[in-house]
Amino acid sequence: MMLQVNRLDVQFKTQNGLFHAVKGISFNLNKGETIGIVGESGSGKSVTSLALMRLLNVDQTKIGGQVILDETDLFHLAEKDMQAVRGNRIAMIFQEPMSSLNPVLICGYQVTESIRLHLKLDKADAKKRAIELFNEVQLPRPEVIFDSYPYQLSGGQKQRVMIAMALACDPEILIADEPTTALDVTVQKTIIELLRRLKAERKMSLIFISHDLGVVSEIADHVLVMYKGEIVEEGSVKNLFNKPQHPYTKGLLACRPSPAHHLKQLPVVSDFINADGTGKNISIDSIRKQYEYPQSELDAHKKQLYSKPPILTINKLTKEYQIGSGLFSRSKGVVKAVNDVSFDVYQGETLGLVGESGCGKTTLGRSILRLIEPNLGSIKFEDVDILSLSKKNMRNIRRDMQIIFQDPYSSLNPRLTIGSAIIEPLQVHKFYNNDKQRKQKVMELLERVNLMPEHFNRYPHEFSGGQRQRIAIARALALQPKFIICDESVSALDVSVQAQVLNLLRELQQQLNLTYIFISHDMAVIKHIADRIMVMNKGEIVETGSPDEIFKSPKQDYTKKLLSSIPGF
């Protein structure tokens with residue numbers, strides 16, 4: 001046995017007393033084994049990993065229990081001795097590579113820094129070692145990436161740099177904290193395959209942390225399910241998936257969109273956990289049957305959708321960017337982010353737009369709203385050519401055409417209360433007679449998206465990711481639009497919160513007759529929410545069809561690649 005965790009207990013000191021984040025959990029990690037730790041945000045997963053590494057602020061936390069590595073209790077080591085354990089014996093890949101990497105230092109320096117510290121190599125040898133690691137994690141052009149800043153790399157490349165950094169000193173145990181969250185499904189698959197290969201080649205043990213049981217099923221041997229700081233269920237991947245016992249585990253499994261089912265709404269954790277905390281007799285199949293979308297009803301819905309003229313018509317839309325080699329350089333060429341794209345969207349429809357990062361999805365969405373000005377083509381919304389409109393007239397159209405951005409935190413002003421943020425568009429467009437009436441409308445909107453009126457005076461940082469996404473939805477709804485672009489609106493959310501937001505979007509669509517373009521890299525999410533799917537690659541629409549057509553009979557190799565990357569599918 002390599003690592004023993006005995007009765008690990010973590011409490012945070014707050015103004016209101018102690019908050020119990022991890023409640024006396026125990027588990028063992030054997031040599032060469034992969035343990036998956038799964039649960040929602042706030043369940044205690046990341047706190048557990050930080051406690052193992054002794055990275056929690058000792059002045060703000062109360063920690064109990066034992067973490068024994070080969071008969072040595074890490075909690076009894078002096079900090080100097082613990083520094084020798086970190087990196088050398090236990091290394092960690094942190095959750096968000098963009099915030100974990102220093103934006104003002106080149107990637108190579110950040111990797112060589114730990115190599116020189118732990119392995120005592122000179123600058124030249126440390127650089128050689130870093131480039132070897134970049135090759136090992138399959139980064140393209142490792143010499144170029146060595147001299148690149150984090151912002152110059154894609155999400156998947158940044159994650160590979162983080163993996164290289166963690167592997168620099170040949171650790172025996174690697175902790176990967178949400179290493180695939182918010183990555184494209186194809187990049188996610190390559191990262192999982194990379195970790196699996198590196199683990200086998202280096203004979204490492206791995207602790208893989210995620211909120212998604214589907215992702216964990218691809219890599220783990222043994223799984224721990226955490227809920228409110230406790231391990232509520234554990235077992236092999238096969239047993240946990242085929243015979244989940246705890247209602248919380250059933251909820252996590254069921255709330256992930258399943259390509260095999262047509263559901264009117266997704267199950268959520270509360271469907272399985274009753275108010276008294278019980279729910280063992282409820283099965284996943286019984287809940288899914290309750291929410292099943294009958295084929296006859298589905299056919300009638302689609303017939304009604306496509307019996308009317310389209311609300312939006314895109315014809316030969318093109319957006320080009322100039323490529324330069326530097327700040328003052330001449331253009332080296334042109335890249336077509338959106339290339340000669342044409343399609344229609346119908347009133348009340350959800351059109352799913354799917355593809356990897358860089359395929360042009362977001363550029364297309366923002367071009368439709370003229371947040372980015374396209375170079376060529378036409379956009380007609382309710383037969384109005386919006387590319388010919390003046391800024392003043394375009395502002396009027398924006399009341400009917402809204403967008404929900406990918407990251408709700410960065411799209412909300414941190415200095416404004418959420419009430420002020422939602423009132424602002426009502427003031428700009430002169431909705432209602434006075435601010436008293438506008439405030440009343442905002443209160444109604446907050447309740448509509450399952451928030452409380454008392455949230456009106458709170459700031460964005462006081463809310464969870466799922467709550468901030470609900471605020472962004474309320475802001476988009478404030479002007480009573482007819483058409484909304486949802487740009488990766490659920491990609492960074494826990495699967496349980498994602499299910500709640502997807503259910504909310506569908507419910508609002510039915511109540512308000514909304515039309516959506518739903519942009520995502522997640523084929524399973526698109527399959528659940530969309531009436532029709534467009535697959536985008538390298539700026540072009542390469543395939544269009546109903547969800548069943550795309551999933552059962554994909555025509556393009558690129559579409560097949562996206563489908564094969566769905567975790568657990």
# chains A, B, ... in the order shown; residues from 1 in each chain; ligands from 1
>>> select_by_dssp(residues="range 254-412 of chain A", states="strand (DSSP E or B)", output="PyMOL selection string")
chain A and resi 263+292+310-324+331-346+350-354+376-381+384-385+401-404
>>> select_by_dssp(residues="range 355-537 of chain A", states="helix (DSSP H, G or I)", output="ChimeraX atom specification")
/A:361-368,386-388,391-397,408-411,418-428,435-448,453-457,460-462,465-477,495-512,523-529
>>> residues_around(residues="range 365-381 of chain A", least_positions_apart="6", cutoff="6 Å", atoms="only C-alpha atoms", output="mmCIF file with C-alpha atoms, in the first residue's frame")
data_model
loop_
_atom_site.group_PDB
_atom_site.id
_atom_site.type_symbol
_atom_site.label_atom_id
_atom_site.label_comp_id
_atom_site.auth_asym_id
_atom_site.auth_seq_id
_atom_site.Cartn_x
_atom_site.Cartn_y
_atom_site.Cartn_z
ATOM 1 C CA ILE A 311 -37.161 33.833 -38.124
ATOM 2 C CA LEU A 312 -33.447 34.112 -39.048
ATOM 3 C CA THR A 313 -31.775 33.559 -42.435
ATOM 4 C CA ILE A 314 -27.990 33.534 -42.826
ATOM 5 C CA ASN A 315 -26.645 33.608 -46.381
ATOM 6 C CA LYS A 316 -22.974 33.186 -47.397
ATOM 7 C CA LEU A 317 -21.703 34.769 -44.159
ATOM 8 C CA THR A 318 -17.912 35.214 -44.019
ATOM 9 C CA LYS A 319 -15.628 36.654 -41.356
#
>>> residues_around(residues="range 82-89 of chain A", least_positions_apart="6", cutoff="6 Å", atoms="only C-alpha atoms", output="number ranges by chain")
A: 169, 171-172
>>> write_last_selection(atoms="N, CA, C and O atoms", output="PDB file, in the first residue's frame")
ATOM      1  N   CYS A 169       9.650  16.051 -11.920  1.00  0.00           N
ATOM      2  CA  CYS A 169      10.557  15.394 -10.963  1.00  0.00           C
ATOM      3  C   CYS A 169      10.203  13.920 -10.750  1.00  0.00           C
ATOM      4  O   CYS A 169      10.532  13.344  -9.703  1.00  0.00           O
ATOM      5  N   PRO A 171       7.292  12.083 -10.159  1.00  0.00           N
ATOM      6  CA  PRO A 171       6.563  11.754  -8.929  1.00  0.00           C
ATOM      7  C   PRO A 171       6.025  10.329  -8.949  1.00  0.00           C
ATOM      8  O   PRO A 171       5.799   9.754 -10.014  1.00  0.00           O
ATOM      9  N   GLU A 172       5.824   9.784  -7.751  1.00  0.00           N
ATOM     10  CA  GLU A 172       5.227   8.453  -7.631  1.00  0.00           C
ATOM     11  C   GLU A 172       3.702   8.533  -7.652  1.00  0.00           C
ATOM     12  O   GLU A 172       3.031   7.577  -8.043  1.00  0.00           O
TER      13      GLU A 172
END
>>> residues_around(residues="range 402-410 of chain A", least_positions_apart="6", cutoff="9 Å", atoms="only C-alpha atoms", output="MDAnalysis selection string")
chainID A and resid 365:366 369 460:461 465:466 468:473 475:477 479 481:492
>>> residues_around(residues="Gln509 in chain A", least_positions_apart="2", cutoff="10 Å", atoms="only C-alpha atoms", output="tab-separated table (two decimals) with N, CA, C and O atoms, in the first residue's frame")
chain	number	residue	atom	x	y	z
A	348	GLY	N	-39.08	29.33	-32.33
A	348	GLY	CA	-39.29	28.31	-31.32
A	348	GLY	C	-38.31	27.15	-31.39
A	348	GLY	O	-38.37	26.22	-30.57
A	349	GLU	N	-37.38	27.18	-32.35
A	349	GLU	CA	-36.43	26.09	-32.54
A	349	GLU	C	-35.19	26.28	-31.66
A	349	GLU	O	-34.81	27.41	-31.31
A	350	THR	N	-34.56	25.17	-31.29
A	350	THR	CA	-33.21	25.21	-30.74
A	350	THR	C	-32.29	24.58	-31.78
A	350	THR	O	-32.37	23.37	-32.03
A	482	LYS	N	-36.79	37.67	-28.65
A	482	LYS	CA	-37.38	36.56	-29.39
A	482	LYS	C	-36.33	35.48	-29.68
A	482	LYS	O	-36.67	34.33	-29.92
A	483	PHE	N	-35.06	35.89	-29.67
A	483	PHE	CA	-33.97	35.03	-30.14
A	483	PHE	C	-32.76	35.19	-29.22
A	483	PHE	O	-32.38	36.32	-28.89
A	484	ILE	N	-32.19	34.06	-28.75
A	484	ILE	CA	-31.04	34.10	-27.84
A	484	ILE	C	-29.96	33.14	-28.35
A	484	ILE	O	-30.26	32.00	-28.71
A	503	ASN	N	-32.58	22.44	-18.10
A	503	ASN	CA	-34.02	22.35	-17.85
A	503	ASN	C	-34.66	23.73	-17.82
A	503	ASN	O	-35.77	23.92	-18.35
A	504	LEU	N	-33.97	24.68	-17.20
A	504	LEU	CA	-34.50	26.05	-17.13
A	504	LEU	C	-34.62	26.66	-18.52
A	504	LEU	O	-35.64	27.27	-18.86
A	505	LEU	N	-33.59	26.49	-19.36
A	505	LEU	CA	-33.62	27.05	-20.71
A	505	LEU	C	-34.78	26.47	-21.53
A	505	LEU	O	-35.47	27.19	-22.25
A	506	ARG	N	-34.99	25.17	-21.40
A	506	ARG	CA	-36.10	24.55	-22.15
A	506	ARG	C	-37.45	25.02	-21.61
A	506	ARG	O	-38.37	25.29	-22.39
A	507	GLU	N	-37.58	25.14	-20.30
A	507	GLU	CA	-38.83	25.61	-19.69
A	507	GLU	C	-39.14	27.04	-20.14
A	507	GLU	O	-40.28	27.36	-20.51
A	511	GLN	N	-42.36	28.55	-22.35
A	511	GLN	CA	-43.22	29.59	-21.78
A	511	GLN	C	-43.24	30.86	-22.63
A	511	GLN	O	-44.28	31.52	-22.77
A	512	LEU	N	-42.08	31.23	-23.19
A	512	LEU	CA	-41.92	32.52	-23.86
A	512	LEU	C	-41.75	32.41	-25.37
A	512	LEU	O	-41.52	33.41	-26.04
A	513	ASN	N	-41.85	31.19	-25.91
A	513	ASN	CA	-41.69	30.94	-27.35
A	513	ASN	C	-40.35	31.47	-27.86
A	513	ASN	O	-40.27	32.14	-28.90
A	514	LEU	N	-39.29	31.19	-27.14
A	514	LEU	CA	-37.96	31.66	-27.50
A	514	LEU	C	-37.34	30.79	-28.59
A	514	LEU	O	-37.66	29.61	-28.72
A	515	THR	N	-36.43	31.40	-29.32
A	515	THR	CA	-35.64	30.69	-30.34
A	515	THR	C	-34.18	30.73	-29.91
A	515	THR	O	-33.68	31.79	-29.53
A	516	TYR	N	-33.50	29.58	-29.94
A	516	TYR	CA	-32.11	29.51	-29.50
A	516	TYR	C	-31.19	29.03	-30.62
A	516	TYR	O	-31.55	28.15	-31.39
>>> closest_atom_pairs(of="range 98-168 of chain A", to="range 173-191 of chain A", cutoff="9 Å", atoms="only C-alpha atoms", output="tab-separated table")
residue	atom	partner	partner_atom	distance
A:Gly155	CA	A:Leu183	CA	6.7
A:Gly156	CA	A:Val187	CA	6.0
A:Gln159	CA	A:Pro179	CA	7.1
A:Arg160	CA	A:Ile191	CA	7.7
A:Ile163	CA	A:Ala176	CA	8.7
A:Ala166	CA	A:Leu174	CA	7.5
A:Leu167	CA	A:Leu174	CA	8.1
>>> residues_around(residues="range 194-201 of chain A", least_positions_apart="5", cutoff="9 Å", atoms="only C-alpha atoms", output="VMD selection string")
chain A and resid 32 34 136 to 138 163 174 189 206 219
